[in-house]
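Next comes protein_32.csv, a file with CSV, C-alpha atoms.
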chain,number,residue,atom,x,y,z
N,1,MET,CA,0.0,0.0,0.0
N,2,ILE,CA,1.4,3.4,-1.0
N,3,ALA,CA,1.4,6.0,1.8
N,4,GLU,CA,-0.4,9.2,1.2
N,5,ILE,CA,1.9,12.2,0.9
N,6,SER,CA,1.1,15.8,1.7
N,7,TYR,CA,2.9,18.9,0.7
N,8,VAL,CA,3.2,22.5,1.8
N,9,TYR,CA,3.3,25.1,-1.0
N,10,ALA,CA,4.8,28.5,-0.6
N,11,GLY,CA,4.6,31.4,-3.1
N,12,THR,CA,7.2,34.2,-2.8
N,13,VAL,CA,7.8,37.6,-4.3
N,14,ARG,CA,11.4,38.8,-4.7
N,15,SER,CA,12.1,41.9,-2.5
N,16,ALA,CA,14.0,44.9,-3.9
N,17,ASP,CA,17.3,43.8,-2.5
N,18,ARG,CA,17.4,40.1,-1.9
N,19,GLY,CA,15.6,36.7,-2.1
N,20,ARG,CA,13.9,35.1,-5.0
N,21,GLY,CA,10.4,34.8,-6.3
N,22,GLY,CA,8.6,31.6,-7.3
N,23,ILE,CA,6.7,28.7,-5.9
N,24,PHE,CA,8.2,26.1,-3.7
N,25,ARG,CA,7.1,22.7,-2.3
N,26,GLN,CA,8.0,20.8,0.8
N,27,MET,CA,6.8,17.3,1.7
N,28,VAL,CA,5.3,17.4,5.2
N,29,GLY,CA,8.0,16.0,7.6
N,30,ASP,CA,10.9,16.9,5.4
N,31,GLN,CA,13.2,19.8,5.8
N,32,ARG,CA,13.9,20.9,2.3
N,33,TRP,CA,12.1,23.2,-0.2
N,34,GLU,CA,11.9,22.3,-3.8
N,35,ALA,CA,11.6,25.1,-6.4
N,36,LEU,CA,8.9,24.3,-9.0
N,37,THR,CA,10.0,26.0,-12.1
N,38,ASP,CA,9.1,23.8,-15.1
N,39,GLY,CA,7.0,25.9,-17.4
N,40,LEU,CA,7.1,29.2,-15.5
N,41,PRO,CA,8.8,32.4,-16.7
N,42,GLU,CA,12.0,33.2,-15.0
N,43,GLY,CA,11.6,35.3,-11.8
N,44,THR,CA,7.9,34.6,-11.5
N,45,ALA,CA,6.3,36.4,-8.5
N,46,VAL,CA,3.6,34.3,-6.9
N,47,HIS,CA,0.6,35.9,-5.2
N,48,ALA,CA,-1.9,33.1,-4.9
N,49,ILE,CA,-1.9,29.3,-4.6
N,50,THR,CA,-5.0,27.1,-4.8
N,51,VAL,CA,-4.9,23.3,-4.6
N,52,HIS,CA,-7.9,21.9,-6.5
N,53,PRO,CA,-10.2,20.5,-3.8
N,54,ALA,CA,-11.3,17.5,-6.0
N,55,ASN,CA,-7.9,16.6,-7.4
N,56,PRO,CA,-4.9,17.5,-5.3
N,57,GLU,CA,-2.6,16.6,-8.2
N,58,VAL,CA,-3.7,20.0,-9.8
N,59,VAL,CA,-2.5,23.3,-8.4
N,60,PHE,CA,-3.4,26.8,-9.6
N,61,ILE,CA,-1.2,29.8,-9.0
N,62,GLY,CA,-1.7,33.5,-9.6
N,63,THR,CA,1.4,35.6,-10.6
N,64,THR,CA,2.4,39.0,-11.8
N,65,LYS,CA,2.5,37.4,-15.3
N,66,GLY,CA,-0.8,35.6,-15.5
N,67,ALA,CA,-2.3,32.4,-14.0
N,68,PHE,CA,-0.8,28.9,-14.3
N,69,ARG,CA,-2.1,25.4,-13.7
N,70,GLY,CA,0.3,22.8,-12.4
N,71,ALA,CA,0.1,19.0,-13.0
N,72,ASN,CA,1.8,16.5,-10.7
N,73,ARG,CA,1.3,18.8,-7.8
N,74,GLY,CA,3.3,21.6,-9.4
N,75,GLY,CA,5.9,19.5,-11.1
N,76,ARG,CA,5.0,21.0,-14.5
N,77,TRP,CA,3.2,24.3,-15.3
N,78,GLU,CA,1.1,25.6,-18.2
N,79,ARG,CA,-0.1,29.1,-18.7
N,80,LEU,CA,-3.9,29.5,-18.5
N,81,ALA,CA,-5.6,31.2,-21.5
N,82,LEU,CA,-6.9,34.3,-19.8
N,83,PRO,CA,-8.2,37.0,-22.2
N,84,ASP,CA,-5.3,39.1,-20.8
N,85,PRO,CA,-2.6,36.4,-20.6
N,86,GLU,CA,-0.2,38.4,-18.4
N,87,ALA,CA,-2.8,39.8,-16.0
N,88,ASP,CA,-1.6,40.4,-12.5
N,89,ILE,CA,-3.5,37.6,-10.7
N,90,TRP,CA,-3.9,37.9,-6.9
N,91,SER,CA,-6.5,35.3,-6.1
N,92,ILE,CA,-7.9,32.0,-7.4
N,93,THR,CA,-10.8,30.0,-6.0
N,94,VAL,CA,-12.7,26.9,-7.1
N,95,ASP,CA,-16.5,26.8,-6.8
N,96,PRO,CA,-17.2,24.2,-4.0
N,97,THR,CA,-20.5,23.1,-5.6
N,98,ASP,CA,-19.3,22.9,-9.2
N,99,ARG,CA,-15.6,22.2,-9.2
N,100,THR,CA,-15.2,22.7,-12.9
N,101,THR,CA,-15.8,26.4,-12.2
N,102,VAL,CA,-12.8,28.5,-11.3
N,103,TYR,CA,-12.6,32.2,-10.6
N,104,ALA,CA,-9.5,34.5,-10.7
N,105,GLY,CA,-9.1,38.0,-9.3
N,106,CYS,CA,-6.7,40.6,-10.6
N,107,GLY,CA,-5.3,44.1,-10.2
N,108,PRO,CA,-6.5,46.5,-11.3
N,109,VAL,CA,-9.8,45.2,-9.9
N,110,GLY,CA,-11.3,42.6,-12.2
N,111,VAL,CA,-12.5,39.0,-12.2
N,112,TYR,CA,-12.2,36.1,-14.6
N,113,ARG,CA,-14.3,32.9,-14.8
N,114,SER,CA,-13.7,29.5,-16.2
N,115,GLU,CA,-16.3,26.8,-16.5
N,116,ASP,CA,-14.1,24.0,-17.7
N,117,ASP,CA,-11.4,23.5,-15.1
N,118,GLY,CA,-9.4,26.5,-16.4
N,119,ASP,CA,-9.1,25.6,-20.0
N,120,HIS,CA,-11.1,28.6,-21.2
N,121,TRP,CA,-11.8,31.9,-19.5
N,122,LYS,CA,-14.1,34.9,-19.7
N,123,LYS,CA,-13.5,38.3,-18.2
N,124,MET,CA,-16.5,39.4,-16.1
N,125,PRO,CA,-17.9,42.9,-16.3
N,126,ASP,CA,-16.1,45.8,-14.6
N,127,PRO,CA,-17.4,46.1,-11.1
N,128,GLY,CA,-17.4,49.9,-11.4
N,129,LEU,CA,-16.4,50.6,-7.8
N,130,PRO,CA,-15.7,54.2,-6.8
N,131,ASP,CA,-12.0,55.1,-6.3
N,132,ARG,CA,-12.2,55.9,-2.6
N,133,VAL,CA,-8.5,55.3,-1.7
N,134,HIS,CA,-5.6,56.4,-3.8
N,135,MET,CA,-2.8,53.9,-3.2
N,136,THR,CA,0.7,53.8,-4.7
N,137,PHE,CA,-0.3,50.6,-6.5
N,138,PRO,CA,-3.5,49.6,-8.4
N,139,CYS,CA,-6.2,48.1,-6.1
N,140,ARG,CA,-6.5,44.4,-6.5
N,141,VAL,CA,-8.8,41.5,-5.8
N,142,MET,CA,-7.1,39.7,-2.9
N,143,ARG,CA,-9.6,37.0,-2.3
N,144,LEU,CA,-12.7,35.5,-3.9
N,145,ASP,CA,-15.0,33.0,-2.3
N,146,VAL,CA,-18.3,31.3,-3.2
N,147,ASP,CA,-21.1,30.9,-0.6
N,148,PRO,CA,-21.5,27.0,-0.7
N,149,THR,CA,-25.2,27.4,0.4
N,150,HIS,CA,-25.9,29.9,-2.4
N,151,PRO,CA,-23.4,29.1,-5.1
N,152,ASP,CA,-24.5,32.0,-7.4
N,153,ASP,CA,-23.2,34.3,-4.7
N,154,LEU,CA,-19.6,35.3,-5.2
N,155,TYR,CA,-17.7,37.6,-2.8
N,156,ALA,CA,-14.5,39.5,-3.2
N,157,CYS,CA,-12.3,41.7,-1.0
N,158,ILE,CA,-10.1,44.3,-2.4
N,159,GLU,CA,-6.8,45.9,-1.4
N,160,ALA,CA,-7.6,48.7,-0.7
N,161,ASN,CA,-11.2,49.4,-1.7
N,162,GLY,CA,-13.4,47.3,0.5
N,163,THR,CA,-15.6,44.4,-0.6
N,164,MET,CA,-18.1,43.5,-3.4
N,165,ARG,CA,-20.5,40.7,-4.2
N,166,SER,CA,-22.1,39.2,-7.2
N,167,ARG,CA,-25.5,37.4,-7.0
N,168,ASP,CA,-25.0,35.9,-10.5
N,169,ARG,CA,-21.6,34.2,-10.6
N,170,GLY,CA,-19.7,37.4,-11.5
N,171,GLU,CA,-22.0,38.7,-14.3
N,172,SER,CA,-22.8,41.8,-12.3
N,173,TRP,CA,-21.5,43.4,-9.0
N,174,GLU,CA,-22.7,45.2,-6.0
N,175,ASP,CA,-20.5,47.3,-3.6
N,176,CYS,CA,-20.5,46.0,0.0
N,177,THR,CA,-18.3,48.7,1.4
N,178,GLN,CA,-20.6,51.4,2.7
N,179,ASP,CA,-21.1,49.8,6.1
N,180,LEU,CA,-17.3,49.3,6.6
N,181,LEU,CA,-16.9,53.1,6.2
N,182,ARG,CA,-19.1,53.5,9.3
N,183,PHE,CA,-16.3,52.0,11.4
N,184,ALA,CA,-13.8,54.6,10.1
N,185,GLU,CA,-15.8,57.3,11.9
N,186,GLN,CA,-14.3,56.0,15.1
N,187,GLU,CA,-10.7,56.8,16.0
N,188,LYS,CA,-9.6,53.2,16.7
N,189,TYR,CA,-10.6,52.2,13.1
N,190,LYS,CA,-8.7,55.0,11.4
N,191,SER,CA,-5.5,54.1,9.6
N,192,ARG,CA,-3.5,55.8,6.8
N,193,ILE,CA,-0.1,54.6,5.5
N,194,VAL,CA,0.3,55.6,1.9
N,195,SER,CA,-3.1,57.1,0.8
N,196,GLN,CA,-4.9,60.4,1.2
N,197,THR,CA,-7.5,59.1,3.6
N,198,GLU,CA,-7.9,57.4,7.0
N,199,ILE,CA,-10.5,55.1,5.7
N,200,GLU,CA,-7.6,53.2,4.1
N,201,GLY,CA,-7.3,50.7,7.0
N,202,MET,CA,-11.0,49.6,6.9
N,203,LEU,CA,-10.9,49.2,3.2
N,204,ASP,CA,-7.6,47.3,3.1
N,205,GLY,CA,-9.0,43.9,2.6
N,206,HIS,CA,-6.6,40.9,2.6
N,207,ALA,CA,-8.9,37.8,2.8
N,208,LEU,CA,-12.5,36.8,2.8
N,209,ALA,CA,-14.3,33.4,3.5
N,210,CYS,CA,-17.7,31.8,3.4
N,211,SER,CA,-18.8,28.7,5.3
N,212,ALA,CA,-21.6,26.2,4.9
N,213,ALA,CA,-22.0,26.3,8.6
N,214,ALA,CA,-23.2,29.9,8.4
N,215,PRO,CA,-25.3,30.4,5.3
N,216,GLY,CA,-25.3,34.0,4.0
N,217,THR,CA,-22.4,34.9,6.3
N,218,VAL,CA,-19.2,36.4,5.0
N,219,PHE,CA,-16.0,36.7,7.1
N,220,LEU,CA,-13.4,39.4,6.3
N,221,ALA,CA,-9.8,40.0,7.3
N,222,ASN,CA,-8.4,43.4,6.9
N,223,ARG,CA,-5.8,45.7,8.4
N,224,MET,CA,-8.1,46.6,11.3
N,225,GLY,CA,-9.0,43.1,12.4
N,226,LEU,CA,-11.6,40.4,11.6
N,227,PHE,CA,-15.2,41.3,10.7
N,228,ARG,CA,-18.3,39.3,9.7
N,229,SER,CA,-21.5,40.1,7.8
N,230,ASP,CA,-24.6,37.9,8.5
N,231,ASP,CA,-26.7,39.5,5.7
N,232,ARG,CA,-24.5,38.8,2.6
N,233,GLY,CA,-22.3,41.8,3.0
N,234,ALA,CA,-24.9,44.5,3.6
N,235,HIS,CA,-23.9,45.2,7.2
N,236,TRP,CA,-20.7,44.3,9.1
N,237,ARG,CA,-19.7,43.8,12.7
N,238,ASP,CA,-16.3,43.6,14.4
N,239,ILE,CA,-15.5,40.1,15.6
N,240,GLU,CA,-13.2,41.8,18.1
N,241,VAL,CA,-10.4,39.2,17.8
N,242,GLY,CA,-8.4,41.4,20.2
N,243,ARG,CA,-10.3,39.7,23.0
N,244,PHE,CA,-8.3,36.6,22.2
N,245,SER,CA,-5.1,37.8,20.6
N,246,PRO,CA,-2.6,40.7,21.0
N,247,LEU,CA,-2.2,40.4,17.2
N,248,THR,CA,-5.1,41.9,15.3
N,249,TYR,CA,-3.9,42.8,11.8
N,250,GLY,CA,-5.8,40.4,9.5
N,251,ARG,CA,-3.5,38.7,7.0
N,252,ASP,CA,-5.4,35.6,5.9
N,253,LEU,CA,-8.7,33.8,6.7
N,254,ARG,CA,-9.7,30.2,5.8
N,255,VAL,CA,-12.5,27.7,6.4
N,256,SER,CA,-11.4,24.2,7.2
N,257,PRO,CA,-12.3,21.8,4.4
N,258,HIS,CA,-12.9,19.1,7.0
N,259,ASP,CA,-15.1,20.9,9.5
N,260,ARG,CA,-17.0,24.0,8.2
N,261,LYS,CA,-17.4,25.3,11.8
N,262,VAL,CA,-13.6,25.7,12.0
N,263,LEU,CA,-11.9,28.9,10.8
N,264,TYR,CA,-8.2,29.7,10.7
N,265,ALA,CA,-6.9,33.3,10.7
N,266,ALA,CA,-3.3,34.5,10.2
N,267,LEU,CA,-2.7,37.6,12.3
N,268,SER,CA,0.2,40.0,12.8
N,269,PRO,CA,0.8,43.2,14.8
N,270,ALA,CA,1.3,45.6,11.9
N,271,PHE,CA,1.8,45.9,8.2
N,272,SER,CA,5.6,45.7,8.6
N,273,SER,CA,6.5,43.0,11.1
N,274,SER,CA,8.5,39.8,11.6
N,275,ASP,CA,5.9,38.5,14.1
N,276,GLY,CA,2.6,36.8,13.6
N,277,GLY,CA,0.6,33.7,14.4
N,278,ILE,CA,-2.2,31.4,13.3
N,279,PHE,CA,-5.4,31.4,15.3
N,280,ARG,CA,-8.3,28.9,15.2
N,281,SER,CA,-12.0,29.2,15.9
N,282,ASP,CA,-14.1,26.0,16.5
N,283,ASP,CA,-17.4,27.9,16.6
N,284,VAL,CA,-17.6,29.8,13.3
N,285,GLY,CA,-15.7,32.8,14.5
N,286,LYS,CA,-17.2,33.4,17.9
N,287,THR,CA,-14.0,32.5,19.9
N,288,TRP,CA,-10.4,32.1,18.9
N,289,LYS,CA,-7.2,30.5,20.3
N,290,ARG,CA,-3.6,30.4,19.2
N,291,PHE,CA,-3.0,27.4,17.1
N,292,ASP,CA,0.4,27.4,15.4
N,293,LEU,CA,3.1,27.2,18.0
N,294,ALA,CA,2.4,24.0,19.9
N,295,THR,CA,0.3,22.2,17.3
N,296,LEU,CA,2.6,22.7,14.3
N,297,SER,CA,5.7,21.7,16.3
N,298,ARG,CA,4.0,18.5,17.5
N,299,LEU,CA,2.7,17.6,14.0
N,300,LEU,CA,6.1,18.1,12.4
N,301,ALA,CA,7.9,16.1,15.1
N,302,ARG,CA,5.4,13.2,14.8
N,303,ARG,CA,5.9,13.2,11.0
N,304,ARG,CA,9.7,13.2,11.3
N,305,ARG,CA,9.6,10.3,13.7
N,306,ALA,CA,7.3,8.3,11.5
N,307,ARG,CA,9.5,8.8,8.4
N,308,SER,CA,12.8,8.1,10.2
N,309,SER,CA,11.4,4.8,11.4
N,310,ARG,CA,11.0,3.5,7.8
N,311,PRO,CA,14.1,1.7,6.6
N,312,GLU,CA,14.0,3.3,3.1
N,313,THR,CA,14.1,6.8,4.5
N,314,ALA,CA,16.2,6.4,7.6
N,315,GLY,CA,19.0,9.0,7.8
N,316,ASN,CA,19.5,12.1,5.7
N,317,ALA,CA,21.0,10.2,2.8
N,318,GLY,CA,18.2,7.8,2.6
N,319,ALA,CA,15.6,10.6,2.8
N,320,SER,CA,17.3,12.3,0.0
N,321,ARG,CA,17.2,9.3,-2.2
N,322,ASP,CA,13.6,8.5,-1.3
N,323,TYR,CA,12.2,12.0,-2.0
N,324,PRO,CA,12.0,11.8,-5.8
N,325,ARG,CA,10.9,8.2,-5.7
N,326,ALA,CA,8.0,9.1,-3.3
N,327,LEU,CA,6.8,11.7,-5.8
N,328,ALA,CA,6.8,9.2,-8.6
N,329,THR,CA,5.0,6.5,-6.6
N,330,ALA,CA,2.4,8.5,-4.8
N,331,THR,CA,-0.9,8.3,-6.7
N,332,ARG,CA,-3.0,10.6,-4.4
N,333,SER,CA,-2.4,13.5,-2.0
N,334,PRO,CA,-4.9,14.4,0.6
N,335,ALA,CA,-6.9,17.5,0.1
N,336,ALA,CA,-5.5,18.9,3.3
N,337,ASP,CA,-2.4,20.2,1.5
N,338,ILE,CA,-1.6,23.6,2.9
N,339,SER,CA,-1.0,26.8,0.8
N,340,LEU,CA,1.1,29.6,2.1
N,341,ARG,CA,1.3,33.0,0.4
N,342,GLN,CA,3.7,35.8,0.8
N,343,SER,CA,2.8,39.2,-0.8
N,344,ASP,CA,4.1,42.7,-0.8
N,345,GLY,CA,0.7,44.0,0.2
N,346,LEU,CA,-0.2,46.3,3.2
Please express what this file holds, its structure, as structure tokens.
Amino acid sequence: MIAEISYVYAGTVRSADRGRGGIFRQMVGDQRWEALTDGLPEGTAVHAITVHPANPEVVFIGTTKGAFRGANRGGRWERLALPDPEADIWSITVDPTDRTTVYAGCGPVGVYRSEDDGDHWKKMPDPGLPDRVHMTFPCRVMRLDVDPTHPDDLYACIEANGTMRSRDRGESWEDCTQDLLRFAEQEKYKSRIVSQTEIEGMLDGHALACSAAAPGTVFLANRMGLFRSDDRGAHWRDIEVGRFSPLTYGRDLRVSPHDRKVLYAALSPAFSSSDGGIFRSDDVGKTWKRFDLATLSRLLARRRRARSSRPETAGNAGASRDYPRALATATRSPAADISLRQSDGL
């Protein structure tokens, strides 16, 4: 029996003075990162990674030079035929109820839709949002998600221009930002880094998620914290994650594919920081607790012990020889593969 193999994927953007951009893969329990370059332009900057929920052999990435689909879990890449082939893609999501439908969000603000697993694409109508915040970069669609209980409802958060929704799979759009502006009337929700206005922080959307455990509810992570709307984006309330965490800057937000009541949030103290953490909610966002430190260290230690106990992978030399063979012999990877994203956003 062939053991299932899981991977962690990390996308990077080269900084001005060091590092390298691209997408990298690490087998859970291993210590090495493998650069996945076959079929990608040199120096590719990766903003988004999405493992296909029905087929973990397929990975989608969004880059500064278009969107790509990877076979063999990223071992080989092909450019997707967007109407604008080198569009700056910041988000990709697969419809949870129709997994042949894929959406991609870009900057400047725009959305593409494919109805055949990414083979062909259509650019959806311009959302026509007002330009409220003047940033030093074009505002971009940082996250898209589909309400699994109302699959025609598609939501998007924008860096840095709030949120929007479509009730017809992207064919038309409605602005869902007005109620977020209400928060910016209070001093604690005001924030301005590079724009002309202190509403910048409340409109600086980084991630958004919908859960089947809360029909019609949308969760939002932005610079000022975590927020939720229980009426499809019409009104918002602060989750007040600061009750549970000293870190409140919302970086990412995900719903567990195994239990829809479970949410994960990546939080940091500020837009420029080397600190941060992952927090977990087991009750659809009502309460939160720190997840990453103890849990991740125990998980990795357990995987390392399990792999070192197998004769074919014992020791560093054996593990090195076994790594490519494991890739070749694994026929399936669990859908729990983790995606990590590093961006230059605020």
Have a look at N:Met27, N:Leu180, N:Val141, N:Ala214 and name the one nearest to Glu200 in chain N; count all atoms listed in the file. N:Leu180
Within 8 Å of (-18.4, 38.4, -10.8) in the file's own coordinates, which protein, DNA or RNA residues have an atom, counting only C-alpha atoms? List them as an MDAnalysis selection string. chainID N and resid 111:113 124:125 127 154 165:166 168:173
Can you write just those residues out, C-alpha atoms, as a PDB file, in the coordinates of the input?
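As a result, out_26.pdb now contains:
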ATOM      1  CA  VAL N 111     -12.500  39.000 -12.200  1.00  0.00           C
ATOM      2  CA  TYR N 112     -12.200  36.100 -14.600  1.00  0.00           C
ATOM      3  CA  ARG N 113     -14.300  32.900 -14.800  1.00  0.00           C
ATOM      4  CA  MET N 124     -16.500  39.400 -16.100  1.00  0.00           C
ATOM      5  CA  PRO N 125     -17.900  42.900 -16.300  1.00  0.00           C
ATOM      6  CA  PRO N 127     -17.400  46.100 -11.100  1.00  0.00           C
ATOM      7  CA  LEU N 154     -19.600  35.300  -5.200  1.00  0.00           C
ATOM      8  CA  ARG N 165     -20.500  40.700  -4.200  1.00  0.00           C
ATOM      9  CA  SER N 166     -22.100  39.200  -7.200  1.00  0.00           C
ATOM     10  CA  ASP N 168     -25.000  35.900 -10.500  1.00  0.00           C
ATOM     11  CA  ARG N 169     -21.600  34.200 -10.600  1.00  0.00           C
ATOM     12  CA  GLY N 170     -19.700  37.400 -11.500  1.00  0.00           C
ATOM     13  CA  GLU N 171     -22.000  38.700 -14.300  1.00  0.00           C
ATOM     14  CA  SER N 172     -22.800  41.800 -12.300  1.00  0.00           C
ATOM     15  CA  TRP N 173     -21.500  43.400  -9.000  1.00  0.00           C
TER      16      TRP N 173
END
Which residues, written as an mmCIF file with C-alpha atoms, in the frame of the given file, have at least one atom at most 7 Å from Ser195 in chain N, with only C-alpha atoms counted and residues fewer than 3 positions away on the same chain left out?
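Okay, this is what ended up in selection_32.cif:
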data_model
loop_
_atom_site.group_PDB
_atom_site.id
_atom_site.type_symbol
_atom_site.label_atom_id
_atom_site.label_comp_id
_atom_site.auth_asym_id
_atom_site.auth_seq_id
_atom_site.Cartn_x
_atom_site.Cartn_y
_atom_site.Cartn_z
ATOM 1 C CA VAL N 133 -8.500 55.300 -1.700
ATOM 2 C CA HIS N 134 -5.600 56.400 -3.800
ATOM 3 C CA MET N 135 -2.800 53.900 -3.200
ATOM 4 C CA ARG N 192 -3.500 55.800 6.800
ATOM 5 C CA GLU N 200 -7.600 53.200 4.100
#
Atomic separation - CA of Pro130 in chain N relative to CA of Thr64 in chain N, Å: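 Separation of CA of Thr64 in chain N and CA of Pro130 in chain N: 24.2 Å.
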Please write as a PyMOL selection string the list of polymer residues whose atoms come within 6 Å of (0.3, 35.2, 16.0), counting all atoms listed in the file and keeping to the coordinates of the file. chain N and resi 247+267-268+276-278
So the first atom is CA of Asp292 in chain N and the second is CA of Arg280 in chain N; what is the distance between them in Å, to one decimal place?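 Between CA of Asp292 in chain N and CA of Arg280 in chain N the gap works out to 8.8 Å.
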Suppose you want the space between CA of Asp259 in chain N and CA of Val146 in chain N; what is it in Å?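 Going from CA of Asp259 in chain N over to CA of Val146 in chain N covers 16.7 Å.
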Could you pull the residues within 9 Å of range 225-230 of chain N, counting only C-alpha atoms, minus those fewer than 2 positions along the same chain, as a PyMOL selection string? chain N and resi 202+214-223+232-242+247-251+253+265+267+285
Looking at all atoms listed in the file, which of N:Glu198, N:Ser211, N:Asp147, N:Ala45 is the one that sits closest to Ser15 in chain N?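 Among the listed residues, the smallest separation from Ser15 in chain N belongs to N:Ala45.
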Please list as a PyMOL selection string every residue within 9 Å of range 19-25 of chain N, counting all atoms listed in the file and excluding residues in the same chain fewer than 6 positions away. chain N and resi 7-13+32-37+40+42-46+49+61+63+73-74
Considering all atoms listed in the file, can you say which of N:Val109, N:Val28, N:Met224, N:Leu82 comes closest to Pro269 in chain N?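 Among N:Val109, N:Val28, N:Met224, N:Leu82, it is N:Met224 that comes nearest to Pro269 in chain N.
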Using all atoms listed in the file, find the one residue out of N:Asp98, N:Asp252, N:Ala104, N:Asp38 that sits nearest to Gly70 in chain N.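 Result for the nearest residue to Gly70 in chain N: N:Asp38.
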Show me, as a VMD selection string, the residues that have an atom within 9 Å of Val58 in chain N when counting all atoms listed in the file, minus same-chain residues fewer than 3 positions from it. chain N and resid 50 to 55 69 to 74
Write out as a list in words which residues come within 7 Å of Pro148 in chain N when counting all atoms listed in the file, dropping same-chain ones fewer than 6 positions away.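 Using all atoms listed in the file, the neighbours found are Pro96, Thr97, Ser211 and Ala212 of chain N.
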Using all atoms listed in the file, which of the listed residues (N:Cys106, N:Ile5, N:Ile158, N:Ile89) sits closest to Leu129 in chain N?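 Of the candidates, the smallest distance to Leu129 in chain N is held by N:Ile158.
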